[in-house]
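Trainee: Take a look at input.txt, compact mmCIF, C-alpha atoms (C1' of nucleotides):
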```txt
# COMPACT_ATOMS: atom_id res chain seq x y z
CA MET A 416 22.74 7.60 16.89
CA ALA A 417 21.44 5.07 14.44
CA ARG A 418 18.74 5.55 11.89
CA ALA A 419 15.35 6.72 12.99
CA ALA A 420 12.95 3.98 13.98
CA THR A 421 10.76 2.60 11.23
CA THR A 422 7.92 2.53 13.66
CA SER A 423 5.61 5.51 13.52
CA ASP A 424 7.20 6.74 10.33
CA VAL A 425 5.66 5.90 7.00
CA PHE A 426 8.65 7.08 4.99
CA ASN A 427 10.84 4.55 6.73
CA ALA A 428 8.24 1.84 6.56
CA ILE A 429 8.06 2.02 2.78
CA ALA A 430 11.82 2.28 2.43
CA GLU A 431 11.94 -1.49 2.66
CA PRO A 432 11.23 -3.08 -0.76
CA GLN A 433 9.44 -6.13 0.60
CA ARG A 434 7.12 -3.97 2.62
CA ARG A 435 6.24 -2.12 -0.55
CA GLU A 436 5.57 -5.45 -2.22
CA ILE A 437 3.26 -6.39 0.61
CA LEU A 438 1.31 -3.17 0.23
CA VAL A 439 0.95 -3.76 -3.49
CA LEU A 440 -0.18 -7.29 -2.84
CA LEU A 441 -2.79 -6.16 -0.35
CA ARG A 442 -4.35 -3.89 -2.93
CA ALA A 443 -5.94 -7.03 -4.29
CA GLY A 444 -7.64 -7.67 -0.97
CA GLU A 445 -7.00 -8.89 2.52
CA ARG A 446 -4.82 -11.94 3.08
CA PRO A 447 -3.60 -14.13 5.86
CA VAL A 448 0.09 -13.98 6.78
CA THR A 449 0.86 -17.31 5.20
CA ASP A 450 -0.43 -16.15 1.84
CA VAL A 451 1.67 -13.02 1.99
CA ALA A 452 4.75 -15.04 2.84
CA ARG A 453 4.10 -17.53 0.06
CA GLU A 454 3.37 -14.92 -2.58
CA LEU A 455 6.51 -12.98 -1.75
CA GLY A 456 8.56 -16.13 -1.41
CA ILE A 457 9.71 -15.32 2.09
CA ALA A 458 9.55 -17.10 5.44
CA GLN A 459 6.49 -16.62 7.59
CA PRO A 460 8.22 -14.90 10.53
CA ARG A 461 9.64 -12.41 8.12
CA ALA A 462 6.23 -11.65 6.70
CA SER A 463 4.86 -11.27 10.21
CA LYS A 464 7.58 -8.82 11.12
CA HIS A 465 7.05 -6.70 8.06
CA LEU A 466 3.32 -6.74 8.61
CA ARG A 467 3.86 -5.66 12.16
CA VAL A 468 5.85 -2.63 11.08
CA LEU A 469 3.21 -1.77 8.53
CA ARG A 470 0.53 -2.12 11.16
CA GLU A 471 2.38 0.09 13.61
CA VAL A 472 2.63 2.91 11.11
CA GLY A 473 -1.01 2.37 10.24
CA LEU A 474 -0.60 1.19 6.67
CA VAL A 475 -2.40 -2.09 7.28
CA ARG A 476 -5.10 -3.28 9.60
CA ASP A 477 -5.63 -6.78 10.84
CA ARG A 478 -8.67 -8.76 11.73
CA LYS A 479 -8.90 -12.15 13.30
CA ALA A 480 -10.74 -14.75 11.30
CA GLY A 481 -10.68 -18.02 13.15
CA LYS A 482 -7.23 -19.49 13.11
CA GLN A 483 -6.14 -16.89 10.63
CA ARG A 484 -5.36 -13.24 10.90
CA LEU A 485 -6.30 -11.29 7.84
CA TYR A 486 -4.37 -8.19 6.91
CA CYS A 487 -5.83 -5.48 4.77
CA LEU A 488 -4.51 -2.29 3.30
CA ASP A 489 -5.11 1.09 4.88
CA ALA A 490 -3.39 3.36 2.41
CA ARG A 491 -4.34 6.67 3.99
CA GLY A 492 -0.85 6.93 5.42
CA LEU A 493 0.59 6.99 1.93
CA ARG A 494 -1.20 10.17 1.11
CA PRO A 495 1.29 12.44 2.90
CA VAL A 496 4.12 10.80 0.99
CA HIS A 497 2.29 11.33 -2.27
CA GLU A 498 1.67 14.95 -1.41
CA TRP A 499 5.19 15.56 -0.25
CA THR A 500 6.67 14.24 -3.47
CA GLY A 501 3.98 16.11 -5.35
CA GLY A 502 5.49 19.30 -4.01
CA PHE A 503 8.39 18.65 -6.35
CA GLU A 504 6.31 17.98 -9.40
CA ARG A 505 7.26 21.10 -11.27
CA PHE A 506 10.92 20.29 -10.73
CA TRP A 507 10.93 17.03 -12.57
CA ASN A 508 9.28 18.49 -15.62
CA GLU A 509 11.34 17.42 -18.55
CA ALA A 510 11.47 20.81 -20.23
CA PHE A 511 12.45 22.45 -17.00
CA ASP A 512 15.23 19.99 -16.49
CA ARG A 513 16.50 20.54 -19.98
CA LEU A 514 16.52 24.26 -19.40
CA ASP A 515 18.17 23.78 -16.08
CA ALA A 516 20.84 21.56 -17.56
CA TYR A 517 21.42 24.21 -20.20
CA VAL A 518 21.86 26.87 -17.54
CA GLN A 519 24.17 24.56 -15.68
CA ASP A 520 26.30 24.12 -18.75
CA LEU A 521 26.44 27.84 -19.31
CA LYS A 522 27.60 28.50 -15.79
CA GLN A 523 30.11 25.68 -15.91
CA ALA A 524 31.47 26.91 -19.22
CA ARG A 525 31.70 30.51 -18.03
CA GLN A 526 33.57 29.41 -14.97
CA GLU A 527 36.02 27.34 -16.95
CA GLU A 528 36.99 30.20 -19.22
CA MET B 1177 21.50 -8.97 6.92
CA ALA B 1178 21.08 -5.34 7.78
CA ARG B 1179 18.92 -2.82 6.09
CA ALA B 1180 19.37 -2.13 2.41
CA ALA B 1181 21.87 0.57 1.59
CA THR B 1182 20.50 4.08 1.28
CA THR B 1183 22.76 4.60 -1.65
CA SER B 1184 21.19 4.03 -5.04
CA ASP B 1185 17.74 3.90 -3.52
CA VAL B 1186 15.56 6.99 -3.44
CA PHE B 1187 13.03 5.50 -1.04
CA ASN B 1188 15.74 5.04 1.54
CA ALA B 1189 17.33 8.38 0.84
CA ILE B 1190 14.13 10.26 1.64
CA ALA B 1191 13.43 8.12 4.68
CA GLU B 1192 15.73 10.41 6.61
CA PRO B 1193 13.87 13.55 7.78
CA GLN B 1194 16.82 15.89 7.47
CA ARG B 1195 17.44 14.81 3.92
CA ARG B 1196 13.85 15.65 3.15
CA GLU B 1197 14.39 19.04 4.72
CA ILE B 1198 17.40 19.58 2.53
CA LEU B 1199 15.41 18.76 -0.58
CA VAL B 1200 12.70 21.20 0.43
CA LEU B 1201 15.29 23.84 1.11
CA LEU B 1202 16.88 23.35 -2.29
CA ARG B 1203 13.59 24.02 -3.99
CA ALA B 1204 14.33 27.67 -3.33
CA GLY B 1205 17.52 27.42 -5.32
CA GLU B 1206 21.05 26.11 -5.16
CA ARG B 1207 23.08 26.60 -2.00
CA PRO B 1208 26.53 25.92 -0.66
CA VAL B 1209 26.93 23.30 2.03
CA THR B 1210 27.47 25.82 4.76
CA ASP B 1211 24.15 27.47 4.07
CA VAL B 1212 22.37 24.16 4.17
CA ALA B 1213 23.99 23.31 7.47
CA ARG B 1214 23.15 26.68 8.96
CA GLU B 1215 19.56 26.70 7.78
CA LEU B 1216 18.95 23.24 9.16
CA GLY B 1217 20.86 23.97 12.32
CA ILE B 1218 23.20 21.04 11.91
CA ALA B 1219 26.96 20.63 11.74
CA GLN B 1220 28.68 20.99 8.40
CA PRO B 1221 30.02 17.43 8.15
CA ARG B 1222 26.52 16.19 8.73
CA ALA B 1223 25.17 18.33 5.94
CA SER B 1224 27.94 17.13 3.65
CA LYS B 1225 27.14 13.52 4.38
CA HIS B 1226 23.45 13.93 3.74
CA LEU B 1227 24.18 15.80 0.55
CA ARG B 1228 26.46 13.04 -0.53
CA VAL B 1229 23.73 10.45 -0.11
CA LEU B 1230 21.32 12.66 -2.00
CA ARG B 1231 23.86 13.11 -4.76
CA GLU B 1232 24.53 9.39 -5.01
CA VAL B 1233 20.87 8.63 -5.54
CA GLY B 1234 20.68 11.46 -8.01
CA LEU B 1235 18.39 13.79 -6.11
CA VAL B 1236 20.84 16.67 -6.11
CA ARG B 1237 23.59 17.83 -8.38
CA ASP B 1238 26.60 19.84 -7.42
CA ARG B 1239 28.62 22.43 -9.17
CA LYS B 1240 31.83 24.03 -8.15
CA ALA B 1241 31.75 27.78 -7.75
CA GLY B 1242 35.09 29.01 -6.58
CA LYS B 1243 35.71 27.99 -3.04
CA GLN B 1244 32.16 26.88 -2.72
CA ARG B 1245 30.28 23.89 -3.98
CA LEU B 1246 26.71 24.67 -4.87
CA TYR B 1247 24.10 21.97 -4.57
CA CYS B 1248 20.91 22.08 -6.53
CA LEU B 1249 17.83 19.96 -6.65
CA ASP B 1250 17.27 17.30 -9.28
CA ALA B 1251 13.86 16.05 -8.34
CA ARG B 1252 13.35 13.63 -11.20
CA GLY B 1253 14.15 10.77 -8.87
CA LEU B 1254 11.14 11.65 -6.75
CA ARG B 1255 8.78 11.00 -9.58
CA PRO B 1256 8.80 7.20 -9.19
CA VAL B 1257 7.94 7.63 -5.52
CA HIS B 1258 5.10 9.94 -6.38
CA GLU B 1259 3.81 7.51 -8.94
CA TRP B 1260 4.15 4.53 -6.68
CA THR B 1261 2.15 6.17 -3.93
CA GLY B 1262 -0.26 7.41 -6.56
CA GLY B 1263 -1.08 3.79 -7.26
CA PHE B 1264 -2.84 3.75 -3.92
CA GLU B 1265 -4.83 6.88 -4.48
CA ARG B 1266 -8.18 5.22 -4.73
CA PHE B 1267 -7.54 3.43 -1.47
CA TRP B 1268 -7.22 6.49 0.65
CA ASN B 1269 -10.46 7.96 -0.57
CA GLU B 1270 -12.44 8.92 2.47
CA ALA B 1271 -15.73 7.48 1.37
CA PHE B 1272 -14.05 4.25 0.48
CA ASP B 1273 -12.43 4.07 3.86
CA ARG B 1274 -15.69 4.72 5.59
CA LEU B 1275 -17.33 1.95 3.64
CA ASP B 1276 -14.41 -0.30 4.35
CA ALA B 1277 -14.54 0.44 8.05
CA TYR B 1278 -18.22 -0.37 7.96
CA VAL B 1279 -17.58 -3.69 6.33
CA GLN B 1280 -14.86 -4.35 8.87
CA ASP B 1281 -17.27 -3.70 11.69
CA LEU B 1282 -19.85 -5.99 10.18
CA LYS B 1283 -17.38 -8.82 9.87
CA GLN B 1284 -16.00 -8.23 13.33
CA ALA B 1285 -19.47 -8.18 14.81
CA ARG B 1286 -20.49 -11.32 12.98
CA GLN B 1287 -17.42 -13.09 14.21
CA GLU B 1288 -18.00 -12.07 17.80
CA GLU B 1289 -21.50 -13.51 17.88
C1' DT C 1270 -7.89 -32.95 26.01
C1' DT C 1271 -4.75 -33.50 22.50
C1' DG C 1272 -2.93 -32.45 17.91
C1' DA C 1273 -2.38 -29.67 14.27
C1' DC C 1274 -2.34 -25.40 12.22
C1' DG C 1275 -1.49 -20.22 11.80
C1' DC C 1276 0.89 -16.65 13.46
C1' DA C 1277 3.68 -13.78 16.73
C1' DT C 1278 7.68 -13.27 19.35
C1' DT C 1279 12.25 -13.80 21.08
C1' DC C 1280 17.08 -14.53 20.79
C1' DC C 1281 20.97 -14.22 17.90
C1' DG C 1282 24.46 -12.49 14.59
C1' DA C 1283 25.85 -9.45 10.86
C1' DT C 1284 25.73 -5.02 9.06
C1' DA C 1285 24.54 -0.35 7.75
C1' DT C 1286 23.71 4.00 9.46
C1' DA C 1287 23.70 8.46 11.93
C1' DG C 1288 26.47 11.69 14.46
C1' DG C 1289 30.47 13.70 16.51
C1' DC C 1290 35.17 15.01 16.18
C1' DA C 1291 39.37 15.64 14.05
C1' DT C 1292 41.55 16.09 9.92
C1' DA C 1293 42.50 15.92 4.95
C1' DT C 1294 41.62 18.14 0.58
C1' DG C 1295 40.82 22.11 -2.47
C1' DA C 1296 40.58 26.64 -3.91
C1' DT C 1297 41.56 31.61 -3.16
C1' DG C 1298 43.88 35.75 -1.85
C1' DG C 1299 47.94 37.99 -0.49
C1' DC D 525 54.30 29.66 -0.75
C1' DC D 526 51.28 30.42 3.15
C1' DA D 527 47.08 31.39 5.63
C1' DT D 528 42.32 30.93 5.27
C1' DC D 529 37.88 29.63 4.08
C1' DA D 530 34.68 25.84 2.29
C1' DT D 531 33.96 20.94 2.01
C1' DA D 532 34.80 16.23 2.16
C1' DT D 533 36.40 12.17 4.68
C1' DG D 534 37.98 8.93 8.01
C1' DC D 535 37.59 6.96 12.48
C1' DC D 536 34.73 5.62 16.25
C1' DT D 537 30.57 4.53 19.05
C1' DA D 538 25.84 3.51 19.75
C1' DT D 539 21.98 1.74 17.83
C1' DA D 540 18.43 0.10 14.79
C1' DT D 541 17.56 -2.82 11.61
C1' DC D 542 17.05 -7.37 8.73
C1' DG D 543 17.07 -12.26 8.54
C1' DG D 544 17.07 -16.94 10.43
C1' DA D 545 15.83 -20.55 13.69
C1' DA D 546 13.41 -21.99 17.50
C1' DT D 547 9.62 -21.41 20.29
C1' DG D 548 5.40 -19.56 22.44
C1' DC D 549 0.44 -18.88 22.02
C1' DG D 550 -4.21 -19.09 20.54
C1' DT D 551 -7.73 -21.51 17.84
C1' DC D 552 -10.07 -25.24 15.84
C1' DA D 553 -11.17 -30.13 14.99
C1' DA D 554 -11.57 -34.76 16.49
```
Spit out the file's structure as structure tokens when you get a sec.
Mentor:
Amino acid sequence: MARAATTSDVFNAIAEPQRREILVLLRAGERPVTDVARELGIAQPRASKHLRVLREVGLVRDRKAGKQRLYCLDARGLRPVHEWTGGFERFWNEAFDRLDAYVQDLKQARQEE
Amino acid sequence: MARAATTSDVFNAIAEPQRREILVLLRAGERPVTDVARELGIAQPRASKHLRVLREVGLVRDRKAGKQRLYCLDARGLRPVHEWTGGFERFWNEAFDRLDAYVQDLKQARQEE
DNA sequence: TTGACGCATTCCGATATAGGCATATGATGG
DNA sequence: CCATCATATGCCTATATCGGAATGCGTCAA
């Protein structure tokens, strides 16, 4: 089996750097596809594809505006990711890590005696 | 080009659900590969491979303990993810979203007139 | 109606990945 | 040194991407 589909999975959707760039860009407000493509320096079909993935996982919404289609951020889907990583907050505490490294060294040393 | 390598990229590493499970499991303390495999209900080679990816992006460390190899969490790499998503915190505020949806509706309605 | 513009989609090729299975490697005990 | 347990790796297949180029489709203006 290959990797899980990006569709319907926010973790996969934001695994792609350019999609993260798009989300950051859209924080400044809604934009048409062409603008997104130009600001990221990528081809328009590519921007459309990324935006489609983001739309399918619910991270952006789109709205027709004449000839254009404006995309805007809907960051609610990022909340679960934030909370999931937040569950590890106490583990990346610097002091904790230093202590942990110390314990590691102790164990390693004891075992190498 | 295919998708970016999972290696050396935390966002990609945690895009895989089972790897996230492993990280959660390791919060309870270090474990040998076999335990990880058993607790996730997967084959041992699979667990080893996932652990390897996690090790290569720095999310776990390993330590030899006799015949076993104990893996332990090193969650520091999750901090950037937490902070990145945190940059969208104000956008998933419920009230904000409600207002936004309202504005959306207004625009949509105006355009459909 | 015809162009022109903005965007989505499709077809294609290259590649990375996940998983399974078999097997190699490593360490331990006898 | 050998048998055994614990892990890591290599090989293989199926599949899901990403990216590019061409093209389809809808909308607006003249």
Trainee: Counting all atoms listed in the file, which residues of chain D sit at most 12 Å from some atom of chain B, and what is each one's closest atom pair with its distance in Å to one decimal, listed by chain and rising residue number, as a Markdown table?
Mentor:
```
| residue | atom | partner | partner_atom | distance |
| --- | --- | --- | --- | --- |
| D:DT528 | C1' | B:Lys1243 | CA | 11.0 |
| D:DC529 | C1' | B:Lys1243 | CA | 7.6 |
| D:DA530 | C1' | B:Gln1244 | CA | 5.7 |
| D:DT531 | C1' | B:Ser1224 | CA | 7.3 |
| D:DA532 | C1' | B:Ser1224 | CA | 7.1 |
| D:DT533 | C1' | B:Pro1221 | CA | 9.0 |
| D:DG534 | C1' | B:Pro1221 | CA | 11.6 |
| D:DA540 | C1' | B:Arg1179 | CA | 9.2 |
| D:DT541 | C1' | B:Arg1179 | CA | 5.7 |
| D:DC542 | C1' | B:Ala1178 | CA | 4.6 |
| D:DG543 | C1' | B:Met1177 | CA | 5.8 |
| D:DG544 | C1' | B:Met1177 | CA | 9.8 |
```
Trainee: Quote the spacing between CA of Leu440 (chain A) and C1' of DT551 (chain D) in Å to one decimal place.
Mentor: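 Rounded to one decimal, the two atoms are 26.2 Å apart.
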Trainee: State, in Å with one decimal place, the distance from CA of Phe503 (chain A) to CA of Val1257 (chain B).
Mentor: 11.1 Å
Trainee: Determine the nearest neighbour of DT1286 (chain C) from the options B:Cys1248, B:His1226, B:Val1200, B:Leu1216, counting only C-alpha atoms (C1' of nucleotides).
Mentor: B:His1226
Trainee: Using Å and a single decimal, report how far CA of Arg476 (chain A) sits from CA of Asp424 (chain A).
Mentor: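 CA of Arg476 (chain A) lies at a distance of 15.9 Å from CA of Asp424 (chain A).
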Trainee: Counting only C-alpha atoms (C1' of nucleotides), collect the residues of chain C whose closest atom lies at most 10 Å from chain B, and write them out as an NGL selection string.
Mentor: :C and (1282-1290 or 1295-1297)
Trainee: Give me the residues of chain B that have any atom at most 7 Å from an atom of chain A; for each, the nearest atom pair and the distance in Å, rounded to one decimal. Use only C-alpha atoms, sort by chain and number, and format it as JSON lines.
Mentor:
```
{"residue": "B:Phe1187", "atom": "CA", "partner": "A:Ala430", "partner_atom": "CA", "distance": 4.9}
{"residue": "B:Asn1188", "atom": "CA", "partner": "A:Ala430", "partner_atom": "CA", "distance": 4.9}
{"residue": "B:Ala1191", "atom": "CA", "partner": "A:Asn427", "partner_atom": "CA", "distance": 4.9}
{"residue": "B:Ala1251", "atom": "CA", "partner": "A:Trp507", "partner_atom": "CA", "distance": 5.2}
{"residue": "B:Arg1252", "atom": "CA", "partner": "A:Trp507", "partner_atom": "CA", "distance": 4.4}
{"residue": "B:Leu1254", "atom": "CA", "partner": "A:Thr500", "partner_atom": "CA", "distance": 6.1}
{"residue": "B:His1258", "atom": "CA", "partner": "A:His497", "partner_atom": "CA", "distance": 5.2}
{"residue": "B:Thr1261", "atom": "CA", "partner": "A:His497", "partner_atom": "CA", "distance": 5.4}
{"residue": "B:Gly1262", "atom": "CA", "partner": "A:His497", "partner_atom": "CA", "distance": 6.3}
{"residue": "B:Phe1264", "atom": "CA", "partner": "A:Ala490", "partner_atom": "CA", "distance": 6.4}
{"residue": "B:Phe1267", "atom": "CA", "partner": "A:Ala490", "partner_atom": "CA", "distance": 5.7}
{"residue": "B:Trp1268", "atom": "CA", "partner": "A:Arg491", "partner_atom": "CA", "distance": 4.4}
```
Trainee: Any chance you can output those residues with C-alpha atoms as a JSON list (two decimals), in the frame of the given file?
Mentor:
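Generated file (part_7.json):
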```
[["chain", "number", "residue", "atom", "x", "y", "z"],
["B", 1187, "PHE", "CA", 13.03, 5.50, -1.04],
["B", 1188, "ASN", "CA", 15.74, 5.04, 1.54],
["B", 1191, "ALA", "CA", 13.43, 8.12, 4.68],
["B", 1251, "ALA", "CA", 13.86, 16.05, -8.34],
["B", 1252, "ARG", "CA", 13.35, 13.63, -11.20],
["B", 1254, "LEU", "CA", 11.14, 11.65, -6.75],
["B", 1258, "HIS", "CA", 5.10, 9.94, -6.38],
["B", 1261, "THR", "CA", 2.15, 6.17, -3.93],
["B", 1262, "GLY", "CA", -0.26, 7.41, -6.56],
["B", 1264, "PHE", "CA", -2.84, 3.75, -3.92],
["B", 1267, "PHE", "CA", -7.54, 3.43, -1.47],
["B", 1268, "TRP", "CA", -7.22, 6.49, 0.65]]
```
Trainee: Around all the atoms of region 543-548 of chain D listed in the file, with 5 Å of room on each side, what axis-aligned box do you get, giving centre and edge lengths in Å to one decimal, as JSON?
Mentor:
```
{"center_x": 11.2, "center_y": -17.1, "center_z": 15.5, "size_x": 21.7, "size_y": 19.7, "size_z": 23.9}
```
